[in-house]
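Structure file entry.tsv with TSV, C-alpha atoms and all ligand atoms:
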chain	number	residue	atom	x	y	z
A	1	MET	CA	16.00	19.96	6.25
A	2	SER	CA	17.53	17.32	8.54
A	3	LEU	CA	16.39	13.74	8.00
A	4	PRO	CA	13.72	12.23	10.28
A	5	THR	CA	15.20	10.24	13.18
A	6	ARG	CA	12.54	7.54	13.01
A	7	VAL	CA	10.66	6.06	10.07
A	8	LYS	CA	7.50	3.95	9.97
A	9	LEU	CA	7.26	1.26	7.33
A	10	VAL	CA	4.02	-0.34	6.20
A	11	ASP	CA	4.81	-3.77	4.81
A	12	VAL	CA	2.45	-4.38	1.91
A	13	SER	CA	3.81	-7.76	0.83
A	14	PRO	CA	0.80	-9.89	1.89
A	15	ARG	CA	-1.44	-7.68	-0.32
A	16	ASP	CA	0.53	-5.75	-2.94
A	17	GLY	CA	3.23	-8.42	-2.96
A	18	LEU	CA	0.94	-11.37	-3.62
A	19	GLN	CA	-2.04	-9.91	-5.52
A	20	ASN	CA	-0.27	-10.43	-8.84
A	21	GLU	CA	0.75	-14.07	-8.33
A	22	LYS	CA	-0.85	-16.32	-10.93
A	23	THR	CA	-0.65	-19.51	-8.84
A	24	PRO	CA	-2.91	-19.43	-5.78
A	25	VAL	CA	-0.93	-18.84	-2.59
A	26	PRO	CA	-2.59	-20.70	0.30
A	27	ALA	CA	-4.12	-18.56	3.06
A	28	GLU	CA	-1.87	-20.25	5.60
A	29	VAL	CA	1.21	-18.95	3.74
A	30	LYS	CA	-0.20	-15.40	3.75
A	31	ILE	CA	-0.94	-15.76	7.45
A	32	GLY	CA	2.57	-17.12	8.05
A	33	LEU	CA	4.01	-14.10	6.25
A	34	VAL	CA	2.00	-11.69	8.41
A	35	HIS	CA	3.22	-13.48	11.55
A	36	ARG	CA	6.85	-13.29	10.45
A	37	LEU	CA	6.55	-9.60	9.61
A	38	GLN	CA	5.14	-8.72	13.00
A	39	GLU	CA	7.79	-10.89	14.62
A	40	ALA	CA	10.39	-8.83	12.75
A	41	GLY	CA	9.02	-5.62	14.28
A	42	LEU	CA	6.72	-4.33	11.54
A	43	ARG	CA	3.91	-2.40	13.22
A	44	ASP	CA	1.87	-1.74	10.07
A	45	ILE	CA	0.92	-4.59	7.77
A	46	GLU	CA	-1.31	-4.42	4.68
A	47	VAL	CA	-2.91	-7.83	4.89
A	48	THR	CA	-5.30	-8.24	1.96
A	49	SER	CA	-7.88	-6.55	-0.22
A	50	PHE	CA	-11.66	-6.83	-0.37
A	51	VAL	CA	-11.92	-6.44	-4.13
A	52	SER	CA	-13.74	-8.43	-6.76
A	53	PRO	CA	-12.39	-12.01	-6.90
A	54	LYS	CA	-13.03	-11.91	-10.64
A	55	TRP	CA	-10.58	-9.04	-10.95
A	56	VAL	CA	-7.99	-10.23	-8.43
A	57	PRO	CA	-8.50	-13.95	-7.71
A	58	GLN	CA	-5.43	-14.12	-5.47
A	59	MET	CA	-7.19	-12.00	-2.80
A	60	ALA	CA	-10.39	-14.10	-2.76
A	61	ASP	CA	-9.37	-15.59	0.61
A	62	ASN	CA	-9.42	-12.14	2.28
A	63	ALA	CA	-11.81	-13.09	5.11
A	64	GLU	CA	-9.98	-16.37	5.78
A	65	VAL	CA	-6.67	-14.54	6.09
A	66	MET	CA	-8.10	-11.87	8.40
A	67	HIS	CA	-9.64	-14.65	10.50
A	68	GLY	CA	-6.39	-16.60	10.68
A	69	ILE	CA	-3.93	-13.94	11.76
A	70	ARG	CA	-2.85	-13.90	15.39
A	71	ARG	CA	-3.01	-10.24	16.32
A	72	ALA	CA	0.03	-8.78	18.01
A	73	PRO	CA	-0.37	-5.78	20.30
A	74	GLY	CA	0.45	-2.43	18.71
A	75	VAL	CA	0.20	-3.69	15.14
A	76	ARG	CA	-2.11	-1.95	12.70
A	77	TYR	CA	-3.65	-4.33	10.14
A	78	SER	CA	-4.97	-2.72	6.97
A	79	VAL	CA	-7.01	-3.90	4.00
A	80	LEU	CA	-8.00	-2.36	0.67
A	81	THR	CA	-11.69	-1.57	0.17
A	82	PRO	CA	-12.61	-0.02	-3.20
A	83	ASN	CA	-16.35	0.37	-2.53
A	84	LEU	CA	-19.07	-0.22	0.05
A	85	LYS	CA	-19.36	-3.89	-0.92
A	86	GLY	CA	-15.69	-4.36	-0.03
A	87	TYR	CA	-16.01	-2.39	3.18
A	88	GLU	CA	-19.08	-4.35	4.28
A	89	ALA	CA	-17.25	-7.61	3.62
A	90	ALA	CA	-14.26	-6.37	5.65
A	91	VAL	CA	-16.46	-5.66	8.68
A	92	ALA	CA	-18.79	-8.65	8.30
A	93	ALA	CA	-16.56	-10.60	10.69
A	94	PRO	CA	-16.60	-10.23	14.49
A	95	ARG	CA	-15.14	-6.91	15.65
A	96	GLU	CA	-11.83	-8.45	16.72
A	97	GLU	CA	-11.24	-9.49	13.11
A	98	TRP	CA	-11.94	-6.07	11.62
A	99	PRO	CA	-9.11	-4.19	10.00
A	100	ASP	CA	-7.64	-1.31	12.03
A	101	GLU	CA	-7.32	0.67	8.84
A	102	ILE	CA	-8.96	0.59	5.43
A	103	VAL	CA	-7.40	1.86	2.23
A	104	VAL	CA	-9.38	3.46	-0.56
A	105	PHE	CA	-7.34	3.57	-3.72
A	106	GLY	CA	-7.63	6.19	-6.41
A	107	SER	CA	-5.47	7.38	-9.24
A	108	ALA	CA	-4.06	10.67	-10.47
A	109	SER	CA	-4.49	9.30	-14.00
A	110	GLU	CA	-7.96	8.90	-15.55
A	111	ALA	CA	-6.88	5.98	-17.74
A	112	PHE	CA	-5.41	4.04	-14.84
A	113	SER	CA	-8.51	4.69	-12.73
A	114	GLN	CA	-10.60	3.08	-15.48
A	115	LYS	CA	-8.28	0.08	-15.88
A	116	ASN	CA	-7.80	-0.54	-12.18
A	117	ILE	CA	-11.19	0.14	-10.62
A	118	ASN	CA	-13.44	0.49	-13.67
A	119	CYS	CA	-14.54	4.08	-13.09
A	120	SER	CA	-13.43	7.69	-13.53
A	121	ILE	CA	-11.58	9.61	-10.82
A	122	ALA	CA	-14.77	11.56	-10.02
A	123	GLU	CA	-16.83	8.35	-9.79
A	124	SER	CA	-14.17	6.76	-7.57
A	125	ILE	CA	-14.47	9.63	-5.10
A	126	GLU	CA	-18.25	9.17	-5.08
A	127	ARG	CA	-17.75	5.47	-4.30
A	128	PHE	CA	-15.16	6.18	-1.60
A	129	ALA	CA	-17.17	8.83	0.25
A	130	PRO	CA	-19.66	6.45	1.96
A	131	VAL	CA	-16.83	3.98	2.68
A	132	VAL	CA	-14.79	6.69	4.39
A	133	ALA	CA	-17.81	7.92	6.35
A	134	ALA	CA	-18.72	4.39	7.53
A	135	ALA	CA	-15.14	3.56	8.51
A	136	ARG	CA	-14.63	6.77	10.45
A	137	GLU	CA	-17.96	6.29	12.20
A	138	ALA	CA	-16.74	2.82	13.23
A	139	GLY	CA	-13.39	4.17	14.47
A	140	ILE	CA	-11.38	2.63	11.63
A	141	HIS	CA	-8.50	4.72	10.30
A	142	VAL	CA	-8.73	5.68	6.62
A	143	ARG	CA	-5.79	5.85	4.26
A	144	GLY	CA	-5.97	6.80	0.60
A	145	ALA	CA	-3.57	5.35	-1.93
A	146	MET	CA	-2.91	7.68	-4.86
A	147	SER	CA	-1.62	5.70	-7.84
A	148	CYS	CA	0.30	7.01	-10.85
A	149	THR	CA	1.45	10.23	-9.19
A	150	VAL	CA	4.43	10.67	-11.52
A	151	GLY	CA	3.69	8.45	-14.48
A	152	CYS	CA	0.98	6.19	-15.88
A	153	PRO	CA	1.40	3.12	-18.10
A	154	TYR	CA	-1.42	4.44	-20.33
A	155	GLU	CA	-1.06	8.25	-20.19
A	156	GLY	CA	2.67	8.78	-19.69
A	157	ASP	CA	3.79	11.71	-17.50
A	158	ILE	CA	1.34	12.89	-14.86
A	159	ALA	CA	1.37	16.56	-13.88
A	160	PRO	CA	1.73	17.46	-10.20
A	161	GLU	CA	-1.51	19.45	-10.55
A	162	ALA	CA	-3.39	16.17	-11.11
A	163	VAL	CA	-1.86	14.81	-7.91
A	164	GLY	CA	-2.86	17.95	-6.01
A	165	ARG	CA	-6.43	17.66	-7.33
A	166	LEU	CA	-6.71	14.05	-6.19
A	167	ALA	CA	-5.24	14.86	-2.77
A	168	ARG	CA	-7.80	17.67	-2.39
A	169	LEU	CA	-10.67	15.32	-3.33
A	170	MET	CA	-9.43	12.72	-0.84
A	171	LYS	CA	-9.15	15.36	1.89
A	172	ASP	CA	-12.65	16.68	1.19
A	173	ILE	CA	-14.27	13.28	1.75
A	174	GLY	CA	-12.40	12.72	5.02
A	175	VAL	CA	-9.47	10.49	4.05
A	176	GLN	CA	-7.02	10.88	6.94
A	177	HIS	CA	-3.72	9.95	5.32
A	178	VAL	CA	-2.57	9.68	1.71
A	179	GLY	CA	0.15	7.62	0.07
A	180	VAL	CA	1.95	9.05	-2.94
A	181	ALA	CA	2.55	6.06	-5.21
A	182	ASP	CA	4.94	5.74	-8.11
A	183	THR	CA	3.04	2.75	-9.46
A	184	ILE	CA	5.37	1.94	-12.36
A	185	GLY	CA	8.64	3.15	-10.89
A	186	VAL	CA	9.28	5.91	-13.43
A	187	GLY	CA	9.84	8.53	-10.75
A	188	THR	CA	13.04	10.49	-10.34
A	189	PRO	CA	13.82	12.47	-7.19
A	190	ASP	CA	12.70	15.73	-8.88
A	191	LYS	CA	9.40	14.27	-10.09
A	192	VAL	CA	8.69	12.62	-6.75
A	193	ARG	CA	9.46	15.88	-4.94
A	194	ALA	CA	6.92	17.66	-7.17
A	195	ALA	CA	4.25	15.01	-6.47
A	196	MET	CA	4.97	15.22	-2.74
A	197	GLU	CA	4.79	19.02	-2.77
A	198	ALA	CA	1.44	18.91	-4.57
A	199	THR	CA	0.16	16.53	-1.88
A	200	LEU	CA	1.62	18.52	1.00
A	201	ALA	CA	-0.43	21.51	-0.14
A	202	HIS	CA	-3.44	19.57	1.21
A	203	TYR	CA	-2.07	17.16	3.84
A	204	ALA	CA	0.26	17.67	6.81
A	205	ILE	CA	3.63	15.94	6.63
A	206	ASP	CA	2.55	13.41	9.31
A	207	ASP	CA	-0.34	12.31	7.08
A	208	VAL	CA	1.63	11.57	3.92
A	209	SER	CA	3.62	8.50	2.92
A	210	GLY	CA	5.61	7.30	-0.09
A	211	HIS	CA	4.94	4.08	-2.03
A	212	PHE	CA	7.72	3.45	-4.50
A	213	HIS	CA	8.25	0.75	-7.06
A	214	ASP	CA	11.81	-0.11	-8.01
A	215	THR	CA	11.21	-0.92	-11.68
A	216	TYR	CA	14.17	1.19	-12.82
A	217	GLY	CA	16.22	0.94	-9.62
A	218	ARG	CA	15.33	4.42	-8.38
A	219	ALA	CA	13.09	3.66	-5.39
A	220	LEU	CA	15.84	4.27	-2.83
A	221	ASP	CA	16.79	7.59	-4.46
A	222	ASN	CA	13.12	8.57	-4.39
A	223	THR	CA	12.84	7.50	-0.75
A	224	ARG	CA	15.92	9.56	0.09
A	225	ALA	CA	14.47	12.61	-1.71
A	226	SER	CA	11.22	12.24	0.26
A	227	LEU	CA	13.09	11.77	3.55
A	228	GLU	CA	14.84	15.06	2.87
A	229	MET	CA	11.39	16.68	2.66
A	230	GLY	CA	10.52	15.22	6.07
A	231	VAL	CA	8.30	12.37	4.84
A	232	TRP	CA	8.75	9.62	7.44
A	233	GLN	CA	6.28	6.90	6.39
A	234	TYR	CA	6.76	4.45	3.51
A	235	ASP	CA	5.13	1.37	2.05
A	236	THR	CA	7.58	-1.41	1.29
A	237	SER	CA	7.29	-5.11	0.45
A	238	ALA	CA	9.27	-7.97	1.97
A	239	ALA	CA	11.68	-9.43	-0.60
A	240	GLY	CA	10.45	-6.78	-3.06
A	241	ILE	CA	7.62	-9.00	-4.25
A	242	GLY	CA	4.63	-7.73	-6.13
A	243	GLY	CA	3.15	-5.19	-8.46
A	244	CYS	CA	-0.23	-4.11	-9.72
A	245	PRO	CA	-2.08	-6.43	-12.15
A	246	TYR	CA	-3.55	-3.41	-13.96
A	247	ALA	CA	-0.22	-1.61	-14.49
A	248	ARG	CA	2.05	-3.32	-16.96
A	249	GLY	CA	5.64	-2.96	-15.78
A	250	ALA	CA	4.64	-2.34	-12.18
A	251	THR	CA	7.03	-4.98	-10.97
A	252	GLY	CA	9.01	-4.71	-7.84
A	253	ASN	CA	7.67	-2.86	-4.92
A	254	VAL	CA	10.78	-1.56	-3.23
A	255	SER	CA	11.96	-4.23	-0.81
A	256	THR	CA	11.51	-3.68	2.90
A	257	GLU	CA	15.00	-5.15	3.34
A	258	SER	CA	16.72	-2.54	1.16
A	259	VAL	CA	14.83	0.40	2.70
A	260	VAL	CA	15.56	-0.82	6.24
A	261	ALA	CA	19.25	-1.29	5.39
A	262	MET	CA	19.44	2.22	3.95
A	263	LEU	CA	17.61	3.78	6.91
A	264	HIS	CA	19.73	1.96	9.48
A	265	GLY	CA	22.82	3.01	7.52
A	266	LEU	CA	21.66	6.62	7.84
A	267	GLY	CA	21.18	6.15	11.59
A	268	ILE	CA	17.38	6.28	11.29
A	269	ALA	CA	15.42	3.99	13.63
A	270	THR	CA	12.72	1.65	12.30
A	271	GLY	CA	12.19	-0.84	15.16
A	272	ILE	CA	12.77	-3.64	12.64
A	273	ASP	CA	15.11	-6.58	13.21
A	274	GLU	CA	16.99	-7.12	9.94
A	275	GLY	CA	17.69	-10.79	10.63
A	276	LYS	CA	14.04	-11.61	11.33
A	277	LEU	CA	12.96	-9.53	8.35
A	278	ALA	CA	15.30	-11.55	6.14
A	279	GLU	CA	13.62	-14.69	7.49
A	280	ALA	CA	10.21	-13.34	6.45
A	281	GLY	CA	11.59	-12.60	2.98
A	282	ARG	CA	13.12	-16.07	2.67
A	283	PHE	CA	9.86	-17.65	3.84
A	284	ILE	CA	7.73	-16.01	1.16
A	285	LEU	CA	10.28	-16.52	-1.62
A	286	ALA	CA	10.51	-20.22	-0.73
A	287	ALA	CA	6.71	-20.48	-0.75
A	288	LEU	CA	6.68	-18.87	-4.21
A	289	GLY	CA	9.48	-21.15	-5.40
A	290	ARG	CA	11.86	-18.24	-6.08
A	291	ALA	CA	15.51	-17.89	-5.31
A	292	PRO	CA	16.40	-15.27	-2.71
A	293	ALA	CA	17.56	-12.00	-4.29
A	294	ALA	CA	20.73	-10.30	-3.11
A	295	VAL	CA	18.77	-8.10	-0.71
A	296	ALA	CA	16.96	-10.99	0.97
A	297	HIS	CA	20.08	-12.49	2.53
B	1	LIG	P1	-16.97	-3.29	-11.26
B	1	LIG	O1	-17.10	-4.47	-12.16
B	1	LIG	O2	-17.02	-1.93	-11.87
B	1	LIG	O3	-18.01	-3.36	-10.05
B	1	LIG	O4	-15.61	-3.45	-10.45
B	1	LIG	P2	-19.55	-3.52	-9.99
B	1	LIG	O5	-19.99	-2.74	-8.78
B	1	LIG	O6	-20.19	-3.23	-11.32
B	1	LIG	O7	-19.74	-5.09	-9.66
B	1	LIG	C1	-19.44	-6.10	-10.60
B	1	LIG	C2	-19.30	-7.44	-9.89
B	1	LIG	O8	-18.24	-7.40	-8.94
B	1	LIG	C3	-20.53	-7.83	-9.08
B	1	LIG	O9	-20.56	-9.25	-9.05
B	1	LIG	C4	-20.22	-7.33	-7.70
B	1	LIG	O10	-20.92	-8.00	-6.70
B	1	LIG	C5	-18.73	-7.63	-7.62
B	1	LIG	P3	-21.45	-10.12	-10.10
B	1	LIG	O11	-22.87	-9.60	-9.90
B	1	LIG	O12	-20.91	-9.83	-11.47
B	1	LIG	O13	-21.23	-11.55	-9.63
B	1	LIG	N1	-18.02	-6.74	-6.68
B	1	LIG	C6	-17.28	-7.17	-5.64
B	1	LIG	N2	-16.99	-8.41	-5.19
B	1	LIG	C7	-16.21	-8.48	-4.10
B	1	LIG	N3	-15.69	-7.40	-3.46
B	1	LIG	C8	-15.97	-6.16	-3.89
B	1	LIG	C9	-16.79	-6.02	-5.02
B	1	LIG	N4	-17.24	-4.94	-5.71
B	1	LIG	C10	-18.00	-5.40	-6.70
B	1	LIG	N5	-15.45	-5.10	-3.24
B	1	LIG	C11	-14.11	-3.07	-8.63
B	1	LIG	C12	-15.18	-2.46	-9.54
B	1	LIG	C13	-13.41	-1.94	-7.90
B	1	LIG	C14	-14.79	-4.00	-7.65
B	1	LIG	C15	-13.14	-3.87	-9.51
B	1	LIG	O14	-12.66	-3.02	-10.51
B	1	LIG	C16	-11.97	-4.43	-8.74
B	1	LIG	O15	-12.14	-5.27	-7.86
B	1	LIG	N6	-10.76	-4.02	-9.08
B	1	LIG	C17	-9.56	-4.55	-8.45
B	1	LIG	C18	-8.59	-3.48	-8.32
B	1	LIG	C19	-7.38	-3.96	-7.56
B	1	LIG	O16	-7.47	-4.68	-6.58
B	1	LIG	N7	-6.21	-3.48	-8.02
B	1	LIG	C20	-4.98	-3.74	-7.34
B	1	LIG	C21	-4.84	-2.92	-6.09
B	1	LIG	S1	-4.41	-1.19	-6.39
B	1	LIG	C22	-2.70	-1.21	-6.41
B	1	LIG	O17	-2.09	-2.24	-6.40
B	1	LIG	C23	-2.00	0.11	-6.38
B	1	LIG	C24	-1.38	0.45	-5.02
B	1	LIG	O18	-0.47	-0.54	-4.60
B	1	LIG	C25	-0.66	1.78	-5.10
B	1	LIG	C26	0.25	1.88	-6.32
B	1	LIG	O19	1.28	1.19	-6.39
B	1	LIG	O20	-0.14	2.62	-7.22
B	1	LIG	C27	-2.48	0.58	-3.95
B	2	MG	MG	1.76	-0.74	-5.37
Now, as a test, write the supplied structure out as structure tokens.
Ligand code: HMG
Ligand code: MG
Amino acid sequence: MSLPTRVKLVDVSPRDGLQNEKTPVPAEVKIGLVHRLQEAGLRDIEVTSFVSPKWVPQMADNAEVMHGIRRAPGVRYSVLTPNLKGYEAAVAAPREEWPDEIVVFGSASEAFSQKNINCSIAESIERFAPVVAAAREAGIHVRGAMSCTVGCPYEGDIAPEAVGRLARLMKDIGVQHVGVADTIGVGTPDKVRAAMEATLAHYAIDDVSGHFHDTYGRALDNTRASLEMGVWQYDTSAAGIGGCPYARGATGNVSTESVVAMLHGLGIATGIDEGKLAEAGRFILAALGRAPAAVAH
């Protein structure tokens, strides 16, 4: 199959990138990052999560961040909502501060589901169902993140059948789009292809994205393998910051910079300005007191 000519990137750095930081990052820095990303041409930004502040203290300023961002036309702002409490908090603000998209997040691995959201896969679907129904009723787009689709830090290899089952459950409750996540970066192109195929049995190609972690340096290979299947939407994180607090070794979301450079090198359009993107990466690394990596030039 020929490669897509255009790719959409969802920058998850304000949420996935920062959720793991031990030192509190001020809301104004998160807001500044969102502004720089939209300035760089990102049209999808995962801003924050409405989860328990006891579990993820770094995201406790979710409402403040949503209130503080200056909305740019054509940008879709998303937030994670694991249950009705999170959804209700996300829409407690005036309508103009609501997210355009909410993300329910499940797992293909039972053990990871327990560690991350404190319930089984079946229970998670029961919790998501009213969230999905309320969001769709309100005209908010619903994405489902599917964690551990190739490997789990607690269970090891995950069979594609488990991914297919989760995709089916998400579809049945009305989730409109699903992201196939390699949470701990153990994927290889063959394994990622199998997880994608299992998902594509239930979702159309336009409703599936990839979310790769670069733990073992294979995120670009896995992106390339997915591109060859026609998958044209990916989650990436400016400067490659982040990881999941409940997945040991889940360092390094693939950097937006490296994916954009690869895509532009392949002649694939993204609408992203590499210079301005590098500025966003430098901004957040400076705020975190880290040296720029080679990719964040
Ligand atoms: P729980 O303890 O089972 O929930 O947590 P509960 O309903 O029993 O409530 C317990 C307490 O939490 C109560 O407060 C609730 O009010 C409160 P208390 O009475 O003890 O004071 N609570 C909440 N507070 C604020 N917002 C909420 C909320 N819900 C309950 N929404 C829960 C269940 C899901 C809340 C918890 O496990 C949690 O917050 N987990 C955080 C998970 C998380 O954020 N993980 C990282 C994101 S996922 C990820 O990074 C992977 C991804 O990037 C893809 C990939 O790479 O794989 C997406
Ligand atoms: Mg992630």
Residues within 8 Å of ligand MG 2 (chain B), counting all atoms listed in the file, as a PDB file with C-alpha atoms, in the frame of the given file:
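That gives us pocket_1.pdb:
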ATOM      1  CA  ASP A  16       0.530  -5.750  -2.940  1.00  0.00           C
ATOM      2  CA  SER A 147      -1.620   5.700  -7.840  1.00  0.00           C
ATOM      3  CA  ALA A 181       2.550   6.060  -5.210  1.00  0.00           C
ATOM      4  CA  ASP A 182       4.940   5.740  -8.110  1.00  0.00           C
ATOM      5  CA  THR A 183       3.040   2.750  -9.460  1.00  0.00           C
ATOM      6  CA  HIS A 211       4.940   4.080  -2.030  1.00  0.00           C
ATOM      7  CA  PHE A 212       7.720   3.450  -4.500  1.00  0.00           C
ATOM      8  CA  HIS A 213       8.250   0.750  -7.060  1.00  0.00           C
ATOM      9  CA  GLY A 242       4.630  -7.730  -6.130  1.00  0.00           C
ATOM     10  CA  GLY A 243       3.150  -5.190  -8.460  1.00  0.00           C
ATOM     11  CA  CYS A 244      -0.230  -4.110  -9.720  1.00  0.00           C
ATOM     12  CA  ALA A 250       4.640  -2.340 -12.180  1.00  0.00           C
ATOM     13  CA  ASN A 253       7.670  -2.860  -4.920  1.00  0.00           C
TER      14      ASN A 253
END
Practice item. Give me the residues within 8 Å of region 62-78 of chain A as a list in words, counting all atoms listed in the file and dropping any in the same chain fewer than 6 places off. Key: Ala27, Glu28, Lys30, Ile31, Val34, His35, Gln38, Leu42, Arg43, Asp44, Ile45, Glu46, Val47, Thr48, Ser49, Phe50, Ala89, Ala90, Ala93, Glu97, Trp98, Pro99, Asp100, Glu101, Ile102 and Val103 of chain A
Expected answer as a PDB file with C-alpha atoms, in the coordinates of the input: residues within 6 Å of ligand LIG 1 (chain B), all atoms listed in the file:
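Result file pocket-v5.pdb:
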ATOM      1  CA  ASP A  16       0.530  -5.750  -2.940  1.00  0.00           C
ATOM      2  CA  PHE A  50     -11.660  -6.830  -0.370  1.00  0.00           C
ATOM      3  CA  VAL A  51     -11.920  -6.440  -4.130  1.00  0.00           C
ATOM      4  CA  SER A  52     -13.740  -8.430  -6.760  1.00  0.00           C
ATOM      5  CA  PRO A  53     -12.390 -12.010  -6.900  1.00  0.00           C
ATOM      6  CA  TRP A  55     -10.580  -9.040 -10.950  1.00  0.00           C
ATOM      7  CA  VAL A  56      -7.990 -10.230  -8.430  1.00  0.00           C
ATOM      8  CA  PRO A  82     -12.610  -0.020  -3.200  1.00  0.00           C
ATOM      9  CA  ASN A  83     -16.350   0.370  -2.530  1.00  0.00           C
ATOM     10  CA  LYS A  85     -19.360  -3.890  -0.920  1.00  0.00           C
ATOM     11  CA  GLY A  86     -15.690  -4.360  -0.030  1.00  0.00           C
ATOM     12  CA  PHE A 105      -7.340   3.570  -3.720  1.00  0.00           C
ATOM     13  CA  ASN A 116      -7.800  -0.540 -12.180  1.00  0.00           C
ATOM     14  CA  ILE A 117     -11.190   0.140 -10.620  1.00  0.00           C
ATOM     15  CA  ASN A 118     -13.440   0.490 -13.670  1.00  0.00           C
ATOM     16  CA  ALA A 145      -3.570   5.350  -1.930  1.00  0.00           C
ATOM     17  CA  SER A 147      -1.620   5.700  -7.840  1.00  0.00           C
ATOM     18  CA  CYS A 148       0.300   7.010 -10.850  1.00  0.00           C
ATOM     19  CA  ALA A 181       2.550   6.060  -5.210  1.00  0.00           C
ATOM     20  CA  THR A 183       3.040   2.750  -9.460  1.00  0.00           C
ATOM     21  CA  CYS A 244      -0.230  -4.110  -9.720  1.00  0.00           C
TER      22      CYS A 244
END
Check your understanding: For the atom pair CA of Arg290 (chain A) and CA of Val25 (chain A), what is the interatomic distance in Å to one decimal place?
Key -> 13.3 Å
I'd like the box whose edges run along x, y and z of the file and which contains every listed atom of region 137-145 of chain A, padded by 8 Å per side; could you state its centre and edge lengths in Å, one decimal, as JSON?
{"center_x": -10.8, "center_y": 4.7, "center_z": 6.3, "size_x": 30.4, "size_y": 20.2, "size_z": 32.4}
Review point. Quick one: residues within 12 Å of Ala278 (chain A), only C-alpha atoms counted, chain neighbours fewer than 3 positions away excluded, as a ChimeraX atom specification?
Key: /A:33,36-37,39-41,237-240,255-258,260-261,272-275,281-285,292-297
Review point. When you draw a straight line from CA of Ala133 (chain A) to CA of Leu80 (chain A), how long is it in Å?
Key: 15.3 Å
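For the choices A:Glu161, A:Glu110, A:Glu197, A:Asp214, the atom-to-atom distance to Gly252 (chain A) is smallest for A:Asp214 when using only C-alpha atoms.
One finds CA of Val192 (chain A) at 25.4 Å from CA of Leu18 (chain A).
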Practice item. Extract, using only C-alpha atoms, all DNA, RNA and protein residues at most 10 Å from Pro57 (chain A), discarding same-chain residues fewer than 3 positions from it, and format them as an MDAnalysis selection string. Key: chainID A and resid 19:24 51:54 60:61
Practice item. Could you tell me which of A:Thr149, A:Thr270, A:Thr223, A:Gln114 comes closest to Val186 (chain A) if we count only C-alpha atoms? Key: A:Thr149
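If you measure from each of A:Ala219, A:Pro94, A:Val150, A:Ala138 to Asp235 (chain A) using all atoms listed in the file, the closest one turns out to be A:Ala219.
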